[in-house]
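Novice: Take a look at structure11.txt, compact mmCIF, N, CA and C atoms:
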```
# COMPACT_ATOMS: atom_id res chain seq x y z
N MET A 1477 -31.56 -55.84 -0.76
CA MET A 1477 -32.66 -55.86 -1.68
C MET A 1477 -33.78 -56.71 -1.11
N ALA A 1478 -34.98 -56.26 -1.28
CA ALA A 1478 -36.15 -57.00 -0.82
C ALA A 1478 -36.39 -58.19 -1.74
N SER A 1479 -37.03 -59.21 -1.19
CA SER A 1479 -37.34 -60.38 -1.99
C SER A 1479 -38.64 -61.02 -1.52
N LEU A 1480 -39.29 -61.72 -2.43
CA LEU A 1480 -40.49 -62.47 -2.11
C LEU A 1480 -40.14 -63.93 -1.96
N GLY A 1481 -40.82 -64.59 -1.07
CA GLY A 1481 -40.57 -66.01 -0.88
C GLY A 1481 -41.82 -66.73 -0.45
N ARG A 1482 -41.72 -68.04 -0.46
CA ARG A 1482 -42.82 -68.89 -0.02
C ARG A 1482 -42.42 -69.58 1.26
N ARG A 1483 -43.36 -69.73 2.14
CA ARG A 1483 -43.13 -70.45 3.39
C ARG A 1483 -43.89 -71.76 3.32
N LYS A 1484 -43.27 -72.81 3.75
CA LYS A 1484 -43.88 -74.13 3.69
C LYS A 1484 -45.21 -74.13 4.46
N GLY A 1485 -46.26 -74.57 3.82
CA GLY A 1485 -47.56 -74.67 4.46
C GLY A 1485 -48.37 -73.38 4.45
N SER A 1486 -47.86 -72.33 3.82
CA SER A 1486 -48.56 -71.06 3.78
C SER A 1486 -49.00 -70.75 2.36
N ALA A 1487 -50.17 -70.14 2.24
CA ALA A 1487 -50.70 -69.78 0.92
C ALA A 1487 -50.41 -68.31 0.59
N PHE A 1488 -49.60 -67.65 1.40
CA PHE A 1488 -49.34 -66.22 1.22
C PHE A 1488 -47.86 -65.97 0.95
N TRP A 1489 -47.60 -64.88 0.22
CA TRP A 1489 -46.23 -64.47 -0.04
C TRP A 1489 -45.59 -63.93 1.23
N GLN A 1490 -44.31 -64.20 1.39
CA GLN A 1490 -43.51 -63.66 2.49
C GLN A 1490 -42.56 -62.62 1.89
N LEU A 1491 -42.49 -61.47 2.54
CA LEU A 1491 -41.61 -60.40 2.07
C LEU A 1491 -40.41 -60.30 3.02
N CYS A 1492 -39.22 -60.43 2.46
CA CYS A 1492 -37.99 -60.32 3.24
C CYS A 1492 -37.31 -59.01 2.82
N TYR A 1493 -37.03 -58.14 3.80
CA TYR A 1493 -36.44 -56.83 3.49
C TYR A 1493 -35.60 -56.35 4.66
N ARG A 1494 -34.77 -55.37 4.40
CA ARG A 1494 -33.94 -54.75 5.43
C ARG A 1494 -34.58 -53.41 5.82
N ASP A 1495 -34.78 -53.22 7.12
CA ASP A 1495 -35.37 -51.98 7.62
C ASP A 1495 -34.35 -50.85 7.45
N PRO A 1496 -34.71 -49.78 6.73
CA PRO A 1496 -33.74 -48.70 6.50
C PRO A 1496 -33.30 -47.98 7.78
N ALA A 1497 -34.15 -47.93 8.78
CA ALA A 1497 -33.82 -47.20 10.00
C ALA A 1497 -32.85 -47.96 10.89
N THR A 1498 -33.04 -49.27 11.02
CA THR A 1498 -32.22 -50.05 11.94
C THR A 1498 -31.20 -50.94 11.25
N GLY A 1499 -31.42 -51.27 10.00
CA GLY A 1499 -30.51 -52.16 9.29
C GLY A 1499 -30.79 -53.63 9.51
N LYS A 1500 -31.82 -53.95 10.27
CA LYS A 1500 -32.15 -55.36 10.56
C LYS A 1500 -33.02 -55.95 9.46
N ARG A 1501 -32.85 -57.25 9.24
CA ARG A 1501 -33.66 -57.97 8.25
C ARG A 1501 -34.98 -58.36 8.89
N HIS A 1502 -36.05 -58.26 8.11
CA HIS A 1502 -37.38 -58.65 8.54
C HIS A 1502 -37.97 -59.61 7.52
N ARG A 1503 -38.80 -60.51 8.00
CA ARG A 1503 -39.53 -61.42 7.12
C ARG A 1503 -40.99 -61.39 7.57
N ASP A 1504 -41.83 -60.77 6.75
CA ASP A 1504 -43.23 -60.56 7.11
C ASP A 1504 -44.15 -61.17 6.06
N PRO A 1505 -45.28 -61.74 6.51
CA PRO A 1505 -46.27 -62.18 5.53
C PRO A 1505 -46.97 -60.97 4.92
N THR A 1506 -47.30 -61.06 3.65
CA THR A 1506 -47.92 -59.93 2.96
C THR A 1506 -49.44 -59.97 3.03
N GLY A 1507 -50.02 -61.14 3.24
CA GLY A 1507 -51.47 -61.27 3.20
C GLY A 1507 -51.99 -61.39 1.78
N LEU A 1508 -51.08 -61.53 0.83
CA LEU A 1508 -51.44 -61.67 -0.59
C LEU A 1508 -51.22 -63.12 -1.01
N ARG A 1509 -52.24 -63.71 -1.61
CA ARG A 1509 -52.20 -65.14 -1.96
C ARG A 1509 -51.27 -65.44 -3.13
N ILE A 1510 -50.63 -66.60 -3.04
CA ILE A 1510 -49.70 -67.04 -4.08
C ILE A 1510 -50.44 -67.43 -5.35
N GLY A 1511 -51.59 -68.09 -5.24
CA GLY A 1511 -52.31 -68.60 -6.40
C GLY A 1511 -53.06 -67.56 -7.21
N ASP A 1512 -53.26 -66.38 -6.70
CA ASP A 1512 -54.01 -65.32 -7.38
C ASP A 1512 -53.04 -64.42 -8.14
N ARG A 1513 -53.27 -64.26 -9.47
CA ARG A 1513 -52.36 -63.48 -10.30
C ARG A 1513 -52.32 -62.01 -9.91
N MET A 1514 -53.46 -61.43 -9.60
CA MET A 1514 -53.49 -60.01 -9.23
C MET A 1514 -52.81 -59.76 -7.88
N GLN A 1515 -53.00 -60.67 -6.94
CA GLN A 1515 -52.35 -60.51 -5.64
C GLN A 1515 -50.85 -60.76 -5.76
N THR A 1516 -50.45 -61.65 -6.65
CA THR A 1516 -49.02 -61.87 -6.89
C THR A 1516 -48.40 -60.61 -7.48
N ARG A 1517 -49.13 -59.96 -8.37
CA ARG A 1517 -48.64 -58.70 -8.95
C ARG A 1517 -48.50 -57.63 -7.87
N GLN A 1518 -49.47 -57.55 -6.98
CA GLN A 1518 -49.40 -56.58 -5.88
C GLN A 1518 -48.21 -56.88 -4.96
N ALA A 1519 -47.95 -58.16 -4.73
CA ALA A 1519 -46.82 -58.56 -3.89
C ALA A 1519 -45.50 -58.14 -4.55
N ARG A 1520 -45.40 -58.30 -5.85
CA ARG A 1520 -44.19 -57.89 -6.56
C ARG A 1520 -44.01 -56.38 -6.54
N GLU A 1521 -45.10 -55.63 -6.64
CA GLU A 1521 -45.02 -54.18 -6.54
C GLU A 1521 -44.58 -53.76 -5.13
N LEU A 1522 -45.08 -54.44 -4.13
CA LEU A 1522 -44.67 -54.17 -2.75
C LEU A 1522 -43.18 -54.45 -2.58
N CYS A 1523 -42.72 -55.53 -3.17
CA CYS A 1523 -41.30 -55.88 -3.11
C CYS A 1523 -40.46 -54.81 -3.81
N ALA A 1524 -40.91 -54.34 -4.95
CA ALA A 1524 -40.19 -53.29 -5.67
C ALA A 1524 -40.15 -52.00 -4.85
N ARG A 1525 -41.23 -51.66 -4.17
CA ARG A 1525 -41.28 -50.47 -3.33
C ARG A 1525 -40.30 -50.57 -2.17
N LYS A 1526 -40.24 -51.75 -1.53
CA LYS A 1526 -39.31 -51.95 -0.41
C LYS A 1526 -37.86 -51.89 -0.90
N THR A 1527 -37.59 -52.43 -2.07
CA THR A 1527 -36.25 -52.37 -2.64
C THR A 1527 -35.85 -50.92 -2.89
N TYR A 1528 -36.77 -50.13 -3.40
CA TYR A 1528 -36.50 -48.71 -3.64
C TYR A 1528 -36.19 -48.00 -2.32
N GLU A 1529 -36.97 -48.28 -1.27
CA GLU A 1529 -36.73 -47.67 0.04
C GLU A 1529 -35.35 -48.04 0.58
N GLU A 1530 -34.96 -49.30 0.37
CA GLU A 1530 -33.64 -49.75 0.84
C GLU A 1530 -32.53 -48.99 0.11
N LYS A 1531 -32.69 -48.79 -1.17
CA LYS A 1531 -31.66 -48.11 -1.95
C LYS A 1531 -31.58 -46.62 -1.62
N GLN A 1532 -32.68 -46.02 -1.19
CA GLN A 1532 -32.69 -44.61 -0.85
C GLN A 1532 -32.12 -44.33 0.54
N ALA A 1533 -32.05 -45.35 1.37
CA ALA A 1533 -31.57 -45.18 2.74
C ALA A 1533 -30.06 -44.93 2.74
N PRO A 1534 -29.56 -44.21 3.74
CA PRO A 1534 -28.10 -44.00 3.82
C PRO A 1534 -27.37 -45.32 4.04
N ARG A 1535 -26.14 -45.37 3.62
CA ARG A 1535 -25.36 -46.61 3.71
C ARG A 1535 -25.06 -47.02 5.15
N THR A 1536 -24.84 -46.07 6.00
CA THR A 1536 -24.58 -46.40 7.41
C THR A 1536 -25.71 -45.83 8.26
N ILE A 1537 -26.09 -46.60 9.25
CA ILE A 1537 -27.12 -46.11 10.15
C ILE A 1537 -26.45 -45.31 11.27
N HIS A 1538 -27.22 -44.49 11.94
CA HIS A 1538 -26.67 -43.54 12.89
C HIS A 1538 -25.86 -44.20 13.99
N ARG A 1539 -26.33 -45.32 14.53
CA ARG A 1539 -25.63 -45.92 15.67
C ARG A 1539 -24.32 -46.60 15.27
N GLU A 1540 -24.05 -46.76 13.99
CA GLU A 1540 -22.79 -47.37 13.55
C GLU A 1540 -21.72 -46.31 13.27
N ARG A 1541 -22.08 -45.05 13.23
CA ARG A 1541 -21.11 -44.01 12.93
C ARG A 1541 -20.18 -43.80 14.11
N TRP A 1542 -18.99 -43.29 13.84
CA TRP A 1542 -17.93 -43.10 14.84
C TRP A 1542 -18.38 -42.34 16.08
N PRO A 1543 -18.98 -41.16 15.98
CA PRO A 1543 -19.34 -40.42 17.20
C PRO A 1543 -20.38 -41.12 18.06
N ALA A 1544 -21.15 -42.00 17.48
CA ALA A 1544 -22.23 -42.65 18.22
C ALA A 1544 -21.71 -43.69 19.22
N TRP A 1545 -20.57 -44.31 18.95
CA TRP A 1545 -20.14 -45.40 19.84
C TRP A 1545 -18.79 -45.20 20.50
N VAL A 1546 -17.94 -44.33 19.99
CA VAL A 1546 -16.57 -44.26 20.48
C VAL A 1546 -16.48 -43.73 21.92
N ARG A 1547 -17.29 -42.74 22.29
CA ARG A 1547 -17.24 -42.21 23.65
C ARG A 1547 -17.63 -43.28 24.67
N ALA A 1548 -18.69 -44.04 24.38
CA ALA A 1548 -19.12 -45.10 25.30
C ALA A 1548 -18.05 -46.20 25.38
N PHE A 1549 -17.38 -46.49 24.27
CA PHE A 1549 -16.33 -47.50 24.28
C PHE A 1549 -15.17 -47.07 25.18
N PHE A 1550 -14.72 -45.83 25.04
CA PHE A 1550 -13.61 -45.35 25.87
C PHE A 1550 -14.00 -45.30 27.34
N ASP A 1551 -15.22 -44.88 27.62
CA ASP A 1551 -15.67 -44.84 29.02
C ASP A 1551 -15.66 -46.23 29.64
N GLN A 1552 -16.07 -47.22 28.88
CA GLN A 1552 -16.09 -48.59 29.40
C GLN A 1552 -14.67 -49.16 29.49
N ARG A 1553 -13.88 -48.95 28.47
CA ARG A 1553 -12.54 -49.54 28.39
C ARG A 1553 -11.60 -48.98 29.44
N TYR A 1554 -11.66 -47.68 29.69
CA TYR A 1554 -10.71 -47.02 30.58
C TYR A 1554 -11.39 -46.48 31.85
N ALA A 1555 -12.43 -47.13 32.30
CA ALA A 1555 -13.16 -46.68 33.48
C ALA A 1555 -12.33 -46.77 34.74
N ASP A 1556 -11.44 -47.75 34.85
CA ASP A 1556 -10.67 -47.98 36.06
C ASP A 1556 -9.37 -47.22 36.11
N SER A 1557 -8.93 -46.66 34.99
CA SER A 1557 -7.63 -46.03 34.95
C SER A 1557 -7.74 -44.58 34.49
N GLU A 1558 -7.53 -43.68 35.41
CA GLU A 1558 -7.57 -42.26 35.09
C GLU A 1558 -6.29 -41.80 34.38
N LYS A 1559 -5.19 -42.52 34.54
CA LYS A 1559 -3.93 -42.12 33.90
C LYS A 1559 -3.98 -42.24 32.39
N THR A 1560 -4.71 -43.20 31.88
CA THR A 1560 -4.76 -43.40 30.43
C THR A 1560 -5.67 -42.41 29.73
N ARG A 1561 -6.49 -41.71 30.47
CA ARG A 1561 -7.36 -40.70 29.84
C ARG A 1561 -6.54 -39.48 29.57
```
Please render this file's structure as structure tokens.
Specialist:
Amino acid sequence: MASLGRRKGSAFWQLCYRDPATGKRHRDPTGLRIGDRMQTRQARELCARKTYEEKQAPRTIHRERWPAWVRAFFDQRYADSEKTR
């Protein structure tokens, strides 16, 4: 789930979210000021949009699925021994 946060010494909201394509966490400044009510509202809407995108993404990313990594694992593990193949 996406979240808004404050960074020490910054006047802008920070958005923390998980990228649906890679699964990695990101922390980006929004450029929206903390002290302004309308910009705070926009930041919350942005957070809600990112949360929605995270929930719509598939649970597993492509590179974590079985066919994506098992062949490379076997090639590396049994590269020196033809008998075990």
Novice: Would you compute the distance between CA of Tyr1554 (chain A) and atom N of Gly1499 (chain A)? Give it in Å to one decimal.
Specialist: 29.5 Å
Novice: Got a sec to tell me which of region 1478-1558 of chain A DSSP assigns to strand (DSSP E), as a VMD selection string?
Specialist: chain A and resid 1479 to 1482 1488 to 1494 1501 to 1509
Novice: Tell me, as a compact mmCIF listing (two decimals) with N, CA and C atoms, in the coordinates of the input, which residues lie within 10 Å of region 1515-1528 of chain A, counting only C-alpha atoms; anything in the same chain fewer than 5 positions away does not count.
Specialist:
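Saved result, out15.txt, follows:
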```
# COMPACT_ATOMS: atom_id res chain seq x y z
N MET A 1477 -31.56 -55.84 -0.76
CA MET A 1477 -32.66 -55.86 -1.68
C MET A 1477 -33.78 -56.71 -1.11
N ALA A 1478 -34.98 -56.26 -1.28
CA ALA A 1478 -36.15 -57.00 -0.82
C ALA A 1478 -36.39 -58.19 -1.74
N SER A 1479 -37.03 -59.21 -1.19
CA SER A 1479 -37.34 -60.38 -1.99
C SER A 1479 -38.64 -61.02 -1.52
N LEU A 1480 -39.29 -61.72 -2.43
CA LEU A 1480 -40.49 -62.47 -2.11
C LEU A 1480 -40.14 -63.93 -1.96
N PHE A 1488 -49.60 -67.65 1.40
CA PHE A 1488 -49.34 -66.22 1.22
C PHE A 1488 -47.86 -65.97 0.95
N TRP A 1489 -47.60 -64.88 0.22
CA TRP A 1489 -46.23 -64.47 -0.04
C TRP A 1489 -45.59 -63.93 1.23
N GLN A 1490 -44.31 -64.20 1.39
CA GLN A 1490 -43.51 -63.66 2.49
C GLN A 1490 -42.56 -62.62 1.89
N LEU A 1491 -42.49 -61.47 2.54
CA LEU A 1491 -41.61 -60.40 2.07
C LEU A 1491 -40.41 -60.30 3.02
N CYS A 1492 -39.22 -60.43 2.46
CA CYS A 1492 -37.99 -60.32 3.24
C CYS A 1492 -37.31 -59.01 2.82
N TYR A 1493 -37.03 -58.14 3.80
CA TYR A 1493 -36.44 -56.83 3.49
C TYR A 1493 -35.60 -56.35 4.66
N ARG A 1494 -34.77 -55.37 4.40
CA ARG A 1494 -33.94 -54.75 5.43
C ARG A 1494 -34.58 -53.41 5.82
N ASP A 1495 -34.78 -53.22 7.12
CA ASP A 1495 -35.37 -51.98 7.62
C ASP A 1495 -34.35 -50.85 7.45
N PRO A 1496 -34.71 -49.78 6.73
CA PRO A 1496 -33.74 -48.70 6.50
C PRO A 1496 -33.30 -47.98 7.78
N THR A 1506 -47.30 -61.06 3.65
CA THR A 1506 -47.92 -59.93 2.96
C THR A 1506 -49.44 -59.97 3.03
N GLY A 1507 -50.02 -61.14 3.24
CA GLY A 1507 -51.47 -61.27 3.20
C GLY A 1507 -51.99 -61.39 1.78
N LEU A 1508 -51.08 -61.53 0.83
CA LEU A 1508 -51.44 -61.67 -0.59
C LEU A 1508 -51.22 -63.12 -1.01
N ARG A 1509 -52.24 -63.71 -1.61
CA ARG A 1509 -52.20 -65.14 -1.96
C ARG A 1509 -51.27 -65.44 -3.13
N ILE A 1510 -50.63 -66.60 -3.04
CA ILE A 1510 -49.70 -67.04 -4.08
C ILE A 1510 -50.44 -67.43 -5.35
N ALA A 1533 -32.05 -45.35 1.37
CA ALA A 1533 -31.57 -45.18 2.74
C ALA A 1533 -30.06 -44.93 2.74
```
Novice: As an exercise, work out the distance from CA of Asp1512 (chain A) to CA of Glu1529 (chain A) in Å and give it to one decimal place.
Specialist: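 These two atoms are separated by 25.8 Å.
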Novice: Just how far from CA of Gln1552 (chain A) is CA of Pro1534 (chain A), in Å to one decimal?
Specialist: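 Result for CA of Pro1534 (chain A) versus CA of Gln1552 (chain A): 28.6 Å, one decimal.
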Novice: Please, can region 1492-1503 of chain A be completed to all heavy atoms and returned as a JSON list (two decimals), keeping the file's coordinate frame?
Specialist:
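Saved as out_31.json:
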```json
[["chain", "number", "residue", "atom", "x", "y", "z"],
["A", 1492, "CYS", "N", -39.22, -60.43, 2.46],
["A", 1492, "CYS", "CA", -37.99, -60.32, 3.24],
["A", 1492, "CYS", "C", -37.31, -59.01, 2.82],
["A", 1492, "CYS", "O", -37.07, -58.79, 1.63],
["A", 1492, "CYS", "CB", -37.10, -61.51, 2.95],
["A", 1492, "CYS", "SG", -35.64, -61.57, 3.97],
["A", 1493, "TYR", "N", -37.03, -58.14, 3.80],
["A", 1493, "TYR", "CA", -36.44, -56.83, 3.49],
["A", 1493, "TYR", "C", -35.60, -56.35, 4.66],
["A", 1493, "TYR", "O", -35.69, -56.87, 5.77],
["A", 1493, "TYR", "CB", -37.53, -55.81, 3.17],
["A", 1493, "TYR", "CG", -38.45, -55.52, 4.33],
["A", 1493, "TYR", "CD1", -38.22, -54.44, 5.17],
["A", 1493, "TYR", "CD2", -39.54, -56.33, 4.60],
["A", 1493, "TYR", "CE1", -39.05, -54.17, 6.23],
["A", 1493, "TYR", "CE2", -40.38, -56.07, 5.66],
["A", 1493, "TYR", "CZ", -40.13, -54.99, 6.47],
["A", 1493, "TYR", "OH", -40.95, -54.73, 7.54],
["A", 1494, "ARG", "N", -34.77, -55.37, 4.40],
["A", 1494, "ARG", "CA", -33.94, -54.75, 5.43],
["A", 1494, "ARG", "C", -34.58, -53.41, 5.82],
["A", 1494, "ARG", "O", -34.86, -52.59, 4.97],
["A", 1494, "ARG", "CB", -32.53, -54.52, 4.92],
["A", 1494, "ARG", "CG", -31.58, -54.01, 5.98],
["A", 1494, "ARG", "CD", -30.16, -53.92, 5.48],
["A", 1494, "ARG", "NE", -29.65, -55.16, 4.96],
["A", 1494, "ARG", "CZ", -29.09, -56.13, 5.70],
["A", 1494, "ARG", "NH1", -28.99, -55.98, 6.98],
["A", 1494, "ARG", "NH2", -28.65, -57.22, 5.14],
["A", 1495, "ASP", "N", -34.78, -53.22, 7.12],
["A", 1495, "ASP", "CA", -35.37, -51.98, 7.62],
["A", 1495, "ASP", "C", -34.35, -50.85, 7.45],
["A", 1495, "ASP", "O", -33.25, -50.93, 7.98],
["A", 1495, "ASP", "CB", -35.75, -52.15, 9.09],
["A", 1495, "ASP", "CG", -36.48, -50.95, 9.65],
["A", 1495, "ASP", "OD1", -36.85, -50.07, 8.87],
["A", 1495, "ASP", "OD2", -36.70, -50.93, 10.87],
["A", 1496, "PRO", "N", -34.71, -49.78, 6.73],
["A", 1496, "PRO", "CA", -33.74, -48.70, 6.50],
["A", 1496, "PRO", "C", -33.30, -47.98, 7.78],
["A", 1496, "PRO", "O", -32.18, -47.50, 7.86],
["A", 1496, "PRO", "CB", -34.50, -47.72, 5.59],
["A", 1496, "PRO", "CG", -35.61, -48.49, 5.02],
["A", 1496, "PRO", "CD", -35.94, -49.57, 5.99],
["A", 1497, "ALA", "N", -34.15, -47.93, 8.78],
["A", 1497, "ALA", "CA", -33.82, -47.20, 10.00],
["A", 1497, "ALA", "C", -32.85, -47.96, 10.89],
["A", 1497, "ALA", "O", -31.93, -47.39, 11.47],
["A", 1497, "ALA", "CB", -35.08, -46.88, 10.78],
["A", 1498, "THR", "N", -33.04, -49.27, 11.02],
["A", 1498, "THR", "CA", -32.22, -50.05, 11.94],
["A", 1498, "THR", "C", -31.20, -50.94, 11.25],
["A", 1498, "THR", "O", -30.23, -51.34, 11.87],
["A", 1498, "THR", "CB", -33.11, -50.95, 12.82],
["A", 1498, "THR", "OG1", -33.82, -51.88, 11.98],
["A", 1498, "THR", "CG2", -34.08, -50.13, 13.63],
["A", 1499, "GLY", "N", -31.42, -51.27, 10.00],
["A", 1499, "GLY", "CA", -30.51, -52.16, 9.29],
["A", 1499, "GLY", "C", -30.79, -53.63, 9.51],
["A", 1499, "GLY", "O", -30.09, -54.49, 8.99],
["A", 1500, "LYS", "N", -31.82, -53.95, 10.27],
["A", 1500, "LYS", "CA", -32.15, -55.36, 10.56],
["A", 1500, "LYS", "C", -33.02, -55.95, 9.46],
["A", 1500, "LYS", "O", -33.81, -55.25, 8.83],
["A", 1500, "LYS", "CB", -32.90, -55.46, 11.88],
["A", 1500, "LYS", "CG", -32.06, -55.13, 13.07],
["A", 1500, "LYS", "CD", -32.82, -55.35, 14.35],
["A", 1500, "LYS", "CE", -31.97, -55.02, 15.56],
["A", 1500, "LYS", "NZ", -32.70, -55.22, 16.80],
["A", 1501, "ARG", "N", -32.85, -57.25, 9.24],
["A", 1501, "ARG", "CA", -33.66, -57.97, 8.25],
["A", 1501, "ARG", "C", -34.98, -58.36, 8.89],
["A", 1501, "ARG", "O", -35.04, -58.77, 10.04],
["A", 1501, "ARG", "CB", -32.95, -59.23, 7.77],
["A", 1501, "ARG", "CG", -31.63, -59.00, 7.07],
["A", 1501, "ARG", "CD", -31.73, -58.47, 5.69],
["A", 1501, "ARG", "NE", -32.34, -59.38, 4.77],
["A", 1501, "ARG", "CZ", -32.65, -59.05, 3.53],
["A", 1501, "ARG", "NH1", -32.41, -57.85, 3.08],
["A", 1501, "ARG", "NH2", -33.21, -59.91, 2.73],
["A", 1502, "HIS", "N", -36.05, -58.26, 8.11],
["A", 1502, "HIS", "CA", -37.38, -58.65, 8.54],
["A", 1502, "HIS", "C", -37.97, -59.61, 7.52],
["A", 1502, "HIS", "O", -37.68, -59.52, 6.34],
["A", 1502, "HIS", "CB", -38.31, -57.43, 8.65],
["A", 1502, "HIS", "CG", -37.93, -56.48, 9.73],
["A", 1502, "HIS", "ND1", -38.28, -56.66, 11.03],
["A", 1502, "HIS", "CD2", -37.21, -55.34, 9.69],
["A", 1502, "HIS", "CE1", -37.82, -55.67, 11.75],
["A", 1502, "HIS", "NE2", -37.14, -54.86, 10.96],
["A", 1503, "ARG", "N", -38.80, -60.51, 8.00],
["A", 1503, "ARG", "CA", -39.53, -61.42, 7.12],
["A", 1503, "ARG", "C", -40.99, -61.39, 7.57],
["A", 1503, "ARG", "O", -41.32, -61.90, 8.63],
["A", 1503, "ARG", "CB", -38.96, -62.83, 7.23],
["A", 1503, "ARG", "CG", -39.56, -63.76, 6.24],
["A", 1503, "ARG", "CD", -38.96, -65.16, 6.37],
["A", 1503, "ARG", "NE", -39.49, -65.99, 5.34],
["A", 1503, "ARG", "CZ", -38.79, -66.51, 4.36],
["A", 1503, "ARG", "NH1", -37.51, -66.32, 4.33],
["A", 1503, "ARG", "NH2", -39.36, -67.24, 3.45]]
```
